[in-house]
>>> print(open('model37.pdb').read())   # PDB, C-alpha atoms
ATOM      1  CA  MET A   1      41.289  76.288  60.294
ATOM      2  CA  THR A   2      42.284  74.721  63.604
ATOM      3  CA  ASN A   3      40.251  71.914  65.127
ATOM      4  CA  GLU A   4      40.118  69.623  68.150
ATOM      5  CA  THR A   5      43.044  67.493  66.938
ATOM      6  CA  ASP A   6      45.435  70.478  66.947
ATOM      7  CA  LEU A   7      47.907  71.633  69.547
ATOM      8  CA  VAL A   8      48.405  75.380  69.673
ATOM      9  CA  LEU A   9      51.033  77.607  71.233
ATOM     10  CA  GLU A  10      50.706  81.398  71.065
ATOM     11  CA  ARG A  11      53.138  83.972  72.388
ATOM     12  CA  THR A  12      53.980  87.599  71.905
ATOM     13  CA  LEU A  13      57.737  87.699  71.503
ATOM     14  CA  ASP A  14      59.780  90.694  72.522
ATOM     15  CA  ALA A  15      61.739  90.775  69.263
ATOM     16  CA  PRO A  16      60.923  92.271  65.842
ATOM     17  CA  VAL A  17      59.353  90.078  63.178
ATOM     18  CA  ASP A  18      62.237  90.380  60.694
ATOM     19  CA  LEU A  19      64.703  88.971  63.238
ATOM     20  CA  VAL A  20      62.298  86.255  64.401
ATOM     21  CA  TRP A  21      61.874  85.241  60.763
ATOM     22  CA  GLU A  22      65.630  85.255  60.233
ATOM     23  CA  ALA A  23      66.137  83.075  63.321
ATOM     24  CA  TYR A  24      63.451  80.655  62.110
ATOM     25  CA  THR A  25      64.589  80.183  58.530
ATOM     26  CA  ASN A  26      68.307  79.566  58.733
ATOM     27  CA  ALA A  27      69.593  76.156  59.793
ATOM     28  CA  GLU A  28      72.650  77.602  61.558
ATOM     29  CA  HIS A  29      70.479  79.939  63.619
ATOM     30  CA  MET A  30      67.977  77.197  64.409
ATOM     31  CA  LYS A  31      70.660  74.982  65.884
ATOM     32  CA  GLN A  32      71.019  77.637  68.584
ATOM     33  CA  TRP A  33      67.419  77.685  69.816
ATOM     34  CA  PHE A  34      65.124  75.090  68.183
ATOM     35  CA  ALA A  35      65.781  72.322  70.744
ATOM     36  CA  PRO A  36      64.494  72.949  74.287
ATOM     37  CA  LYS A  37      67.585  73.084  76.518
ATOM     38  CA  PRO A  38      69.257  70.923  77.760
ATOM     39  CA  PHE A  39      68.454  69.169  74.475
ATOM     40  CA  GLU A  40      70.596  70.197  71.530
ATOM     41  CA  LEU A  41      70.026  70.383  67.814
ATOM     42  CA  THR A  42      73.149  68.790  66.417
ATOM     43  CA  GLU A  43      72.081  68.536  62.778
ATOM     44  CA  MET A  44      69.633  70.428  60.647
ATOM     45  CA  ASP A  45      68.862  70.366  56.927
ATOM     46  CA  LEU A  46      66.546  73.068  55.723
ATOM     47  CA  ASP A  47      65.754  73.905  52.115
ATOM     48  CA  LEU A  48      63.379  76.818  52.397
ATOM     49  CA  GLN A  49      61.027  76.181  49.475
ATOM     50  CA  PRO A  50      57.942  74.036  48.862
ATOM     51  CA  GLY A  51      59.113  70.440  48.514
ATOM     52  CA  GLY A  52      62.415  71.218  50.286
ATOM     53  CA  ILE A  53      63.897  69.124  53.087
ATOM     54  CA  PHE A  54      63.240  69.775  56.779
ATOM     55  CA  ARG A  55      65.356  67.440  58.913
ATOM     56  CA  ILE A  56      66.641  67.713  62.457
ATOM     57  CA  ARG A  57      68.716  65.603  64.800
ATOM     58  CA  MET A  58      68.231  66.213  68.491
ATOM     59  CA  THR A  59      70.386  64.896  71.311
ATOM     60  CA  GLY A  60      69.961  65.246  75.048
ATOM     61  CA  PRO A  61      70.627  63.967  78.553
ATOM     62  CA  ASP A  62      71.017  60.233  79.239
ATOM     63  CA  GLY A  63      72.123  59.473  75.690
ATOM     64  CA  PHE A  64      68.923  60.721  74.093
ATOM     65  CA  ASP A  65      69.484  60.890  70.341
ATOM     66  CA  THR A  66      66.902  60.999  67.577
ATOM     67  CA  GLY A  67      69.458  59.779  65.079
ATOM     68  CA  HIS A  68      69.555  61.148  61.551
ATOM     69  CA  GLY A  69      65.775  61.113  61.565
ATOM     70  CA  VAL A  70      63.165  60.863  58.856
ATOM     71  CA  PRO A  71      63.392  64.015  56.726
ATOM     72  CA  GLY A  72      60.216  66.086  56.572
ATOM     73  CA  CYS A  73      59.085  68.485  53.884
ATOM     74  CA  VAL A  74      58.664  72.256  53.681
ATOM     75  CA  LEU A  75      55.206  73.112  52.288
ATOM     76  CA  GLU A  76      54.747  76.867  52.372
ATOM     77  CA  VAL A  77      57.051  79.838  52.872
ATOM     78  CA  VAL A  78      55.574  83.336  53.103
ATOM     79  CA  GLU A  79      58.310  85.817  54.006
ATOM     80  CA  GLN A  80      57.951  87.057  57.600
ATOM     81  CA  LYS A  81      54.403  85.680  57.762
ATOM     82  CA  LYS A  82      54.104  81.917  57.539
ATOM     83  CA  LEU A  83      56.131  78.736  57.486
ATOM     84  CA  VAL A  84      54.591  75.281  57.074
ATOM     85  CA  TRP A  85      56.305  71.924  57.119
ATOM     86  CA  THR A  86      55.149  68.363  57.644
ATOM     87  CA  SER A  87      56.546  65.033  58.744
ATOM     88  CA  ALA A  88      53.863  63.228  56.698
ATOM     89  CA  LEU A  89      55.914  63.881  53.568
ATOM     90  CA  GLY A  90      59.631  63.851  52.817
ATOM     91  CA  PRO A  91      61.601  66.021  50.387
ATOM     92  CA  GLY A  92      59.915  66.280  46.993
ATOM     93  CA  TYR A  93      56.554  65.540  48.687
ATOM     94  CA  ARG A  94      57.118  61.773  48.894
ATOM     95  CA  PRO A  95      54.884  60.140  51.561
ATOM     96  CA  ASN A  96      57.013  59.298  54.582
ATOM     97  CA  GLU A  97      57.648  56.123  56.454
ATOM     98  CA  THR A  98      57.111  56.664  60.153
ATOM     99  CA  GLY A  99      60.098  56.793  62.465
ATOM    100  CA  GLU A 100      60.481  56.841  66.230
ATOM    101  CA  GLY A 101      59.492  59.254  68.988
ATOM    102  CA  CYS A 102      58.240  62.505  67.456
ATOM    103  CA  GLU A 103      58.386  60.804  64.076
ATOM    104  CA  SER A 104      56.139  57.887  65.076
ATOM    105  CA  PHE A 105      53.079  59.856  63.957
ATOM    106  CA  PRO A 106      52.695  62.409  61.173
ATOM    107  CA  PHE A 107      52.117  66.041  62.028
ATOM    108  CA  THR A 108      52.147  69.343  60.203
ATOM    109  CA  ALA A 109      53.508  72.499  61.800
ATOM    110  CA  VAL A 110      51.924  75.796  60.764
ATOM    111  CA  ILE A 111      53.946  78.682  62.160
ATOM    112  CA  THR A 112      52.681  82.219  61.704
ATOM    113  CA  PHE A 113      54.304  85.542  62.504
ATOM    114  CA  ALA A 114      52.913  89.073  62.620
ATOM    115  CA  ASP A 115      54.213  92.448  63.676
ATOM    116  CA  ALA A 116      52.710  93.129  67.111
ATOM    117  CA  GLY A 117      54.022  96.715  67.321
ATOM    118  CA  SER A 118      56.789  98.166  69.526
ATOM    119  CA  GLY A 119      59.292  95.731  68.044
ATOM    120  CA  ARG A 120      57.326  92.693  69.156
ATOM    121  CA  THR A 121      56.068  89.662  67.212
ATOM    122  CA  ALA A 122      52.813  87.724  67.465
ATOM    123  CA  TYR A 123      53.972  84.129  67.166
ATOM    124  CA  LYS A 124      51.678  81.156  66.751
ATOM    125  CA  ALA A 125      52.660  77.522  66.338
ATOM    126  CA  VAL A 126      49.971  74.998  65.465
ATOM    127  CA  ALA A 127      50.623  71.261  65.224
ATOM    128  CA  LEU A 128      48.015  69.463  63.090
ATOM    129  CA  HIS A 129      47.355  65.773  63.708
ATOM    130  CA  LYS A 130      45.232  63.232  61.926
ATOM    131  CA  ASP A 131      43.318  62.241  65.059
ATOM    132  CA  LEU A 132      42.942  62.738  68.796
ATOM    133  CA  ALA A 133      45.217  59.799  69.614
ATOM    134  CA  ASP A 134      48.183  61.376  67.821
ATOM    135  CA  LYS A 135      47.404  64.690  69.448
ATOM    136  CA  ALA A 136      47.424  63.013  72.876
ATOM    137  CA  THR A 137      50.723  61.289  72.117
ATOM    138  CA  HIS A 138      52.284  64.586  71.077
ATOM    139  CA  GLU A 139      50.871  66.316  74.145
ATOM    140  CA  GLN A 140      52.215  63.621  76.467
ATOM    141  CA  MET A 141      55.636  64.015  74.869
ATOM    142  CA  GLY A 142      55.572  67.509  76.336
ATOM    143  CA  PHE A 143      54.381  69.668  73.439
ATOM    144  CA  HIS A 144      53.381  72.644  75.595
ATOM    145  CA  ASP A 145      56.489  72.664  77.795
ATOM    146  CA  GLY A 146      58.798  71.935  74.883
ATOM    147  CA  TRP A 147      57.386  74.394  72.373
ATOM    148  CA  GLY A 148      56.890  76.949  75.137
ATOM    149  CA  THR A 149      60.552  76.724  76.183
ATOM    150  CA  VAL A 150      61.562  76.938  72.548
ATOM    151  CA  ALA A 151      59.444  80.075  72.015
ATOM    152  CA  GLY A 152      61.385  81.729  74.845
ATOM    153  CA  GLN A 153      64.689  80.629  73.336
ATOM    154  CA  LEU A 154      63.571  81.944  69.945
ATOM    155  CA  GLU A 155      62.747  85.313  71.531
ATOM    156  CA  GLN A 156      66.167  85.567  73.189
ATOM    157  CA  TYR A 157      68.020  84.425  70.116
ATOM    158  CA  ALA A 158      66.137  86.764  67.738
ATOM    159  CA  LYS A 159      66.830  89.661  70.117
ATOM    160  CA  SER A 160      70.518  88.818  70.131
ATOM    161  CA  LEU A 161      70.565  89.026  66.314
ATOM    162  CA  GLY A 162      69.552  92.674  66.644
ATOM    163  CA  ILE A 163      72.328  93.601  69.029
ATOM    164  CA  GLY A 164      75.144  93.236  66.508
ATOM    165  CA  ALA A 165      73.136  95.256  63.986
ATOM    166  CA  ALA A 166      72.251  98.075  66.386
TER     167      ALA A 166
ATOM    168  CA  MET B   1      63.794  63.137  41.712
ATOM    169  CA  THR B   2      61.986  59.879  40.906
ATOM    170  CA  ASN B   3      63.033  56.636  42.500
ATOM    171  CA  GLU B   4      62.202  52.936  42.568
ATOM    172  CA  THR B   5      59.039  53.441  44.621
ATOM    173  CA  ASP B   6      57.471  55.653  41.934
ATOM    174  CA  LEU B   7      55.040  54.825  39.161
ATOM    175  CA  VAL B   8      55.467  56.904  36.021
ATOM    176  CA  LEU B   9      53.294  57.517  32.993
ATOM    177  CA  GLU B  10      54.564  59.666  30.115
ATOM    178  CA  ARG B  11      52.674  60.628  26.979
ATOM    179  CA  THR B  12      52.829  63.209  24.249
ATOM    180  CA  LEU B  13      49.289  64.508  23.941
ATOM    181  CA  ASP B  14      47.936  65.849  20.673
ATOM    182  CA  ALA B  15      46.489  68.973  22.292
ATOM    183  CA  PRO B  16      48.077  72.327  23.193
ATOM    184  CA  VAL B  17      49.389  72.867  26.705
ATOM    185  CA  ASP B  18      47.004  75.728  27.553
ATOM    186  CA  LEU B  19      43.981  73.532  26.883
ATOM    187  CA  VAL B  20      45.469  70.525  28.671
ATOM    188  CA  TRP B  21      46.089  72.762  31.667
ATOM    189  CA  GLU B  22      42.545  74.122  31.509
ATOM    190  CA  ALA B  23      41.126  70.600  31.370
ATOM    191  CA  TYR B  24      43.273  69.574  34.351
ATOM    192  CA  THR B  25      42.529  72.447  36.695
ATOM    193  CA  ASN B  26      38.768  72.856  36.606
ATOM    194  CA  ALA B  27      36.551  70.462  38.541
ATOM    195  CA  GLU B  28      33.738  70.588  35.959
ATOM    196  CA  HIS B  29      36.150  69.696  33.157
ATOM    197  CA  MET B  30      37.786  66.943  35.196
ATOM    198  CA  LYS B  31      34.465  65.210  35.771
ATOM    199  CA  GLN B  32      34.432  64.591  32.009
ATOM    200  CA  TRP B  33      37.735  62.766  31.691
ATOM    201  CA  PHE B  34      39.505  62.068  35.032
ATOM    202  CA  ALA B  35      37.870  58.662  35.649
ATOM    203  CA  PRO B  36      38.836  55.859  33.242
ATOM    204  CA  LYS B  37      35.611  54.916  31.429
ATOM    205  CA  PRO B  38      33.312  53.145  32.215
ATOM    206  CA  PHE B  39      34.066  54.609  35.640
ATOM    207  CA  GLU B  40      32.640  58.055  36.275
ATOM    208  CA  LEU B  41      33.698  60.994  38.387
ATOM    209  CA  THR B  42      30.473  62.002  40.078
ATOM    210  CA  GLU B  43      31.910  64.505  42.554
ATOM    211  CA  MET B  44      35.011  66.653  42.609
ATOM    212  CA  ASP B  45      36.192  69.388  44.945
ATOM    213  CA  LEU B  46      39.253  71.267  43.782
ATOM    214  CA  ASP B  47      40.669  74.406  45.342
ATOM    215  CA  LEU B  48      43.637  75.204  43.154
ATOM    216  CA  GLN B  49      46.111  76.597  45.675
ATOM    217  CA  PRO B  50      48.622  75.147  48.135
ATOM    218  CA  GLY B  51      46.655  73.736  51.059
ATOM    219  CA  GLY B  52      43.458  73.550  48.978
ATOM    220  CA  ILE B  53      41.158  70.546  48.819
ATOM    221  CA  PHE B  54      41.460  67.786  46.202
ATOM    222  CA  ARG B  55      38.597  65.326  46.561
ATOM    223  CA  ILE B  56      36.968  62.972  44.094
ATOM    224  CA  ARG B  57      34.154  60.456  44.155
ATOM    225  CA  MET B  58      34.296  57.724  41.543
ATOM    226  CA  THR B  59      31.555  55.284  40.669
ATOM    227  CA  GLY B  60      31.591  52.372  38.249
ATOM    228  CA  PRO B  61      30.163  49.045  37.124
ATOM    229  CA  ASP B  62      28.772  46.567  39.660
ATOM    230  CA  GLY B  63      27.980  49.248  42.195
ATOM    231  CA  PHE B  64      31.589  50.408  42.548
ATOM    232  CA  ASP B  65      31.565  53.625  44.563
ATOM    233  CA  THR B  66      34.429  55.252  46.414
ATOM    234  CA  GLY B  67      31.988  57.223  48.547
ATOM    235  CA  HIS B  68      32.695  60.802  49.496
ATOM    236  CA  GLY B  69      36.310  59.849  49.977
ATOM    237  CA  VAL B  70      39.098  61.223  52.104
ATOM    238  CA  PRO B  71      39.912  64.703  50.818
ATOM    239  CA  GLY B  72      43.490  65.189  49.658
ATOM    240  CA  CYS B  73      45.526  68.374  49.478
ATOM    241  CA  VAL B  74      46.883  70.499  46.631
ATOM    242  CA  LEU B  75      50.585  71.229  47.204
ATOM    243  CA  GLU B  76      51.941  73.099  44.219
ATOM    244  CA  VAL B  77      50.408  74.910  41.261
ATOM    245  CA  VAL B  78      52.648  76.279  38.506
ATOM    246  CA  GLU B  79      50.517  77.605  35.645
ATOM    247  CA  GLN B  80      50.700  75.311  32.586
ATOM    248  CA  LYS B  81      53.751  73.551  34.032
ATOM    249  CA  LYS B  82      53.154  71.600  37.230
ATOM    250  CA  LEU B  83      50.421  70.395  39.538
ATOM    251  CA  VAL B  84      51.103  68.449  42.736
ATOM    252  CA  TRP B  85      48.604  66.967  45.170
ATOM    253  CA  THR B  86      48.782  64.325  47.853
ATOM    254  CA  SER B  87      46.472  61.969  49.699
ATOM    255  CA  ALA B  88      48.875  61.948  52.678
ATOM    256  CA  LEU B  89      47.466  65.316  53.740
ATOM    257  CA  GLY B  90      43.983  66.807  53.720
ATOM    258  CA  PRO B  91      42.937  70.419  53.186
ATOM    259  CA  GLY B  92      45.036  72.875  55.179
ATOM    260  CA  TYR B  93      47.878  70.283  55.209
ATOM    261  CA  ARG B  94      46.366  68.180  58.022
ATOM    262  CA  PRO B  95      47.790  64.623  58.033
ATOM    263  CA  ASN B  96      45.156  62.256  56.664
ATOM    264  CA  GLU B  97      43.533  59.178  58.026
ATOM    265  CA  THR B  98      43.711  56.396  55.484
ATOM    266  CA  GLY B  99      40.592  55.331  53.643
ATOM    267  CA  GLU B 100      39.751  52.447  51.336
ATOM    268  CA  GLY B 101      40.959  51.340  47.915
ATOM    269  CA  CYS B 102      43.147  54.031  46.375
ATOM    270  CA  GLU B 103      43.014  55.847  49.702
ATOM    271  CA  SER B 104      44.323  52.896  51.720
ATOM    272  CA  PHE B 105      47.901  54.111  51.192
ATOM    273  CA  PRO B 106      49.226  57.645  50.854
ATOM    274  CA  PHE B 107      50.577  58.809  47.519
ATOM    275  CA  THR B 108      51.587  62.080  45.954
ATOM    276  CA  ALA B 109      50.854  62.876  42.312
ATOM    277  CA  VAL B 110      53.320  65.122  40.500
ATOM    278  CA  ILE B 111      51.913  66.089  37.110
ATOM    279  CA  THR B 112      54.057  68.084  34.700
ATOM    280  CA  PHE B 113      53.212  69.660  31.376
ATOM    281  CA  ALA B 114      55.407  71.162  28.661
ATOM    282  CA  ASP B 115      54.852  72.498  25.173
ATOM    283  CA  ALA B 116      56.022  69.758  22.798
ATOM    284  CA  GLY B 117      55.621  71.869  19.650
ATOM    285  CA  SER B 118      53.020  71.606  16.863
ATOM    286  CA  GLY B 119      50.210  72.067  19.352
ATOM    287  CA  ARG B 120      51.217  69.025  21.374
ATOM    288  CA  THR B 121      51.939  68.600  25.094
ATOM    289  CA  ALA B 122      54.544  66.528  26.880
ATOM    290  CA  TYR B 123      52.578  65.084  29.806
ATOM    291  CA  LYS B 124      54.115  63.234  32.724
ATOM    292  CA  ALA B 125      52.330  61.800  35.746
ATOM    293  CA  VAL B 126      54.409  60.456  38.617
ATOM    294  CA  ALA B 127      52.899  58.757  41.655
ATOM    295  CA  LEU B 128      55.235  58.825  44.673
ATOM    296  CA  HIS B 129      54.868  56.149  47.356
ATOM    297  CA  LYS B 130      56.520  55.658  50.698
ATOM    298  CA  ASP B 131      57.722  52.138  49.899
ATOM    299  CA  LEU B 132      57.726  49.324  47.341
ATOM    300  CA  ALA B 133      54.711  47.619  48.931
ATOM    301  CA  ASP B 134      52.477  50.645  48.346
ATOM    302  CA  LYS B 135      53.830  50.977  44.829
ATOM    303  CA  ALA B 136      52.959  47.336  44.150
ATOM    304  CA  THR B 137      49.461  47.798  45.567
ATOM    305  CA  HIS B 138      48.914  50.819  43.346
ATOM    306  CA  GLU B 139      50.302  48.967  40.329
ATOM    307  CA  GLN B 140      48.052  45.964  40.961
ATOM    308  CA  MET B 141      45.052  48.292  41.136
ATOM    309  CA  GLY B 142      45.815  49.025  37.509
ATOM    310  CA  PHE B 143      47.846  52.231  37.620
ATOM    311  CA  HIS B 144      49.258  51.894  34.099
ATOM    312  CA  ASP B 145      45.992  50.935  32.392
ATOM    313  CA  GLY B 146      43.961  53.421  34.399
ATOM    314  CA  TRP B 147      46.249  56.418  34.082
ATOM    315  CA  GLY B 148      46.993  55.491  30.471
ATOM    316  CA  THR B 149      43.286  55.442  29.592
ATOM    317  CA  VAL B 150      42.841  58.715  31.447
ATOM    318  CA  ALA B 151      45.706  60.333  29.499
ATOM    319  CA  GLY B 152      43.873  59.454  26.273
ATOM    320  CA  GLN B 153      40.631  60.882  27.633
ATOM    321  CA  LEU B 154      42.467  64.041  28.701
ATOM    322  CA  GLU B 155      43.878  64.403  25.189
ATOM    323  CA  GLN B 156      40.448  64.078  23.568
ATOM    324  CA  TYR B 157      38.776  66.363  26.066
ATOM    325  CA  ALA B 158      41.457  69.084  25.825
ATOM    326  CA  LYS B 159      41.225  68.924  22.031
ATOM    327  CA  SER B 160      37.471  69.376  22.231
ATOM    328  CA  LEU B 161      37.949  72.543  24.304
ATOM    329  CA  GLY B 162      39.808  74.043  21.335
ATOM    330  CA  ILE B 163      37.041  73.325  18.834
ATOM    331  CA  GLY B 164      34.577  75.797  20.285
ATOM    332  CA  ALA B 165      37.298  78.439  20.454
ATOM    333  CA  ALA B 166      38.572  77.880  16.888
TER     334      ALA B 166
END
>>> encode(input="model37.pdb", output="structure tokens")
Amino acid sequence: MTNETDLVLERTLDAPVDLVWEAYTNAEHMKQWFAPKPFELTEMDLDLQPGGIFRIRMTGPDGFDTGHGVPGCVLEVVEQKKLVWTSALGPGYRPNETGEGCESFPFTAVITFADAGSGRTAYKAVALHKDLADKATHEQMGFHDGWGTVAGQLEQYAKSLGIGAA
Amino acid sequence: MTNETDLVLERTLDAPVDLVWEAYTNAEHMKQWFAPKPFELTEMDLDLQPGGIFRIRMTGPDGFDTGHGVPGCVLEVVEQKKLVWTSALGPGYRPNETGEGCESFPFTAVITFADAGSGRTAYKAVALHKDLADKATHEQMGFHDGWGTVAGQLEQYAKSLGIGAA
């Protein structure tokens, strides 16, 4: 149910869906790939259930630092298929105050995964906004570059999870 | 996980939990009791699953009419135990534009039900707000009177559902 206020990134990742899911649902793993380099994810709280916390802290060049951030909320978890969280709500579904930067407008992330055969994963990330202005803000912040870079990092990281197991 | 920005209404209803749940989860039933009389619920869309629509239209004395309203979103459905929806998101979890009146600020409703013995139901409605200002606005709109009246109507309506079945 995407519409004109959404931003969409689709990729086929060269890594199997179980490892992509593992990389995407564990805070310690996510610290390794969820921030587009040279940015770093220095903190992450993730409680993988509806109503659970989703909070990140990102730091980067020139003293960039999101601070402790406004915690978002996990909405839906479907094993190896779908993960939804939003910044419009905090843990326990409480409506959120807005923060700064990426937290200055509410958005919902709908991430879907599917087995694409030959050990690959169809990966789709959709960011839902309330209006075109918020979409434009998110786009100007570098959504496509940022989420695109991150998709590549996710692919590499998920692959690396398979090497130890092989 | 309630806090100082919440509004809470608790009642023991003289109706069994299965009927209270039935009354609370069916749009046609809700039209009969969800608006505090003399207000009326003239329209209701309810898709009882996470991400589903929750939309009401209320009319009342002196031409009061909420219009078609900004659709909210169902977040959690636990049979006969818990129902959560929010106005901060619309169907499919899209962040919402704000509307008028009750829709001028986002809130999340967490409704819980429990068997209280002897055919009664422990009913708790919690409205979560982002800050004290929104809580105060909601309170001044008559949260306690309105939701209190509605709890009584729910009790009577749920009871009446049992009469046909008895």
>>> closest_residue(input="model37.pdb", among="B:Arg94, B:Lys31, B:Lys124, B:Lys81", to="chain A", atoms="only C-alpha atoms")
B:Arg94
>>> resolve_selection(input="model37.pdb", expression="the PyMOL selection byres ((chain B) within 6 of (chain A))", output="list in words")
Arg94, Pro95, Asn96, Glu97, Leu128, His129 and Lys130 of chain B
>>> resolve_selection(input="model37.pdb", expression="the PyMOL selection byres ((chain A and resi 37) around 10)", output="PyMOL selection string")
chain A and resi 32-36+38-41+60-61+146+149-150+153
>>> atom_distance(input="model37.pdb", atom1="atom CA of Gly67 of chain A", atom2="atom CA of Asp45 of chain A")
13.4 Å
>>> axis_aligned_box(input="model37.pdb", around="segment 111-115 of chain A", padding_each_side="4 Å", output="lines of an AutoDock Vina configuration file")
center_x = 53.5
center_y = 85.6
center_z = 62.7
size_x = 9.6
size_y = 21.8
size_z = 10.0
>>> residues_near_point(input="model37.pdb", point="(34.8, 63.5, 46.0)", cutoff="12 Å", atoms="all atoms listed in the file", output="PyMOL selection string")
chain B and resi 27+30-31+35+40-46+53-59+65-72+103
>>> residues_near_point(input="model37.pdb", point="(59.9, 92.1, 69.8)", cutoff="6 Å", atoms="all atoms listed in the file", output="PyMOL selection string")
chain A and resi 13-16+119-121
>>> atom_distance(input="model37.pdb", atom1="atom CA of Gly152 of chain B", atom2="atom CA of Leu9 of chain B")
11.7 Å
>>> atom_distance(input="model37.pdb", atom1="atom CA of Gly101 of chain A", atom2="atom CA of Thr25 of chain A")
23.9 Å
>>> closest_residue(input="model37.pdb", among="A:Gln156, A:Asn3, A:Ser104, A:Thr112", to="Glu79 of chain A", atoms="only C-alpha atoms")
A:Thr112
>>> residues_around(input="model37.pdb", residues="Tyr123 of chain A", least_positions_apart="6", cutoff="8 Å", atoms="all atoms listed in the file", output="PyMOL selection string")
chain A and resi 10-13+111-114
>>> decode(input="model37.pdb", residues="segment 112-133 of chain A", atoms="C-alpha atoms", output="PDB file, in the first residue's frame")
ATOM      1  CA  THR A 112      10.265  -6.852   3.827  1.00  0.00           C
ATOM      2  CA  PHE A 113      12.393  -9.868   2.996  1.00  0.00           C
ATOM      3  CA  ALA A 114      11.810 -12.809   0.667  1.00  0.00           C
ATOM      4  CA  ASP A 115      13.860 -15.723  -0.560  1.00  0.00           C
ATOM      5  CA  ALA A 116      14.979 -14.815  -4.087  1.00  0.00           C
ATOM      6  CA  GLY A 117      16.523 -18.237  -4.816  1.00  0.00           C
ATOM      7  CA  SER A 118      20.203 -19.221  -5.150  1.00  0.00           C
ATOM      8  CA  GLY A 119      20.890 -17.976  -1.633  1.00  0.00           C
ATOM      9  CA  ARG A 120      19.751 -14.454  -2.421  1.00  0.00           C
ATOM     10  CA  THR A 121      17.207 -12.190  -0.703  1.00  0.00           C
ATOM     11  CA  ALA A 122      14.664  -9.767  -2.145  1.00  0.00           C
ATOM     12  CA  TYR A 123      14.945  -6.795   0.188  1.00  0.00           C
ATOM     13  CA  LYS A 124      12.592  -3.840   0.203  1.00  0.00           C
ATOM     14  CA  ALA A 125      12.661  -0.844   2.518  1.00  0.00           C
ATOM     15  CA  VAL A 126       9.765   1.599   2.421  1.00  0.00           C
ATOM     16  CA  ALA A 127       9.681   4.810   4.454  1.00  0.00           C
ATOM     17  CA  LEU A 128       6.128   6.109   4.976  1.00  0.00           C
ATOM     18  CA  HIS A 129       5.596   9.820   5.592  1.00  0.00           C
ATOM     19  CA  LYS A 130       2.551  11.845   6.469  1.00  0.00           C
ATOM     20  CA  ASP A 131       2.973  14.239   3.544  1.00  0.00           C
ATOM     21  CA  LEU A 132       5.122  15.233   0.586  1.00  0.00           C
ATOM     22  CA  ALA A 133       7.042  17.828   2.603  1.00  0.00           C
TER      23      ALA A 133
END
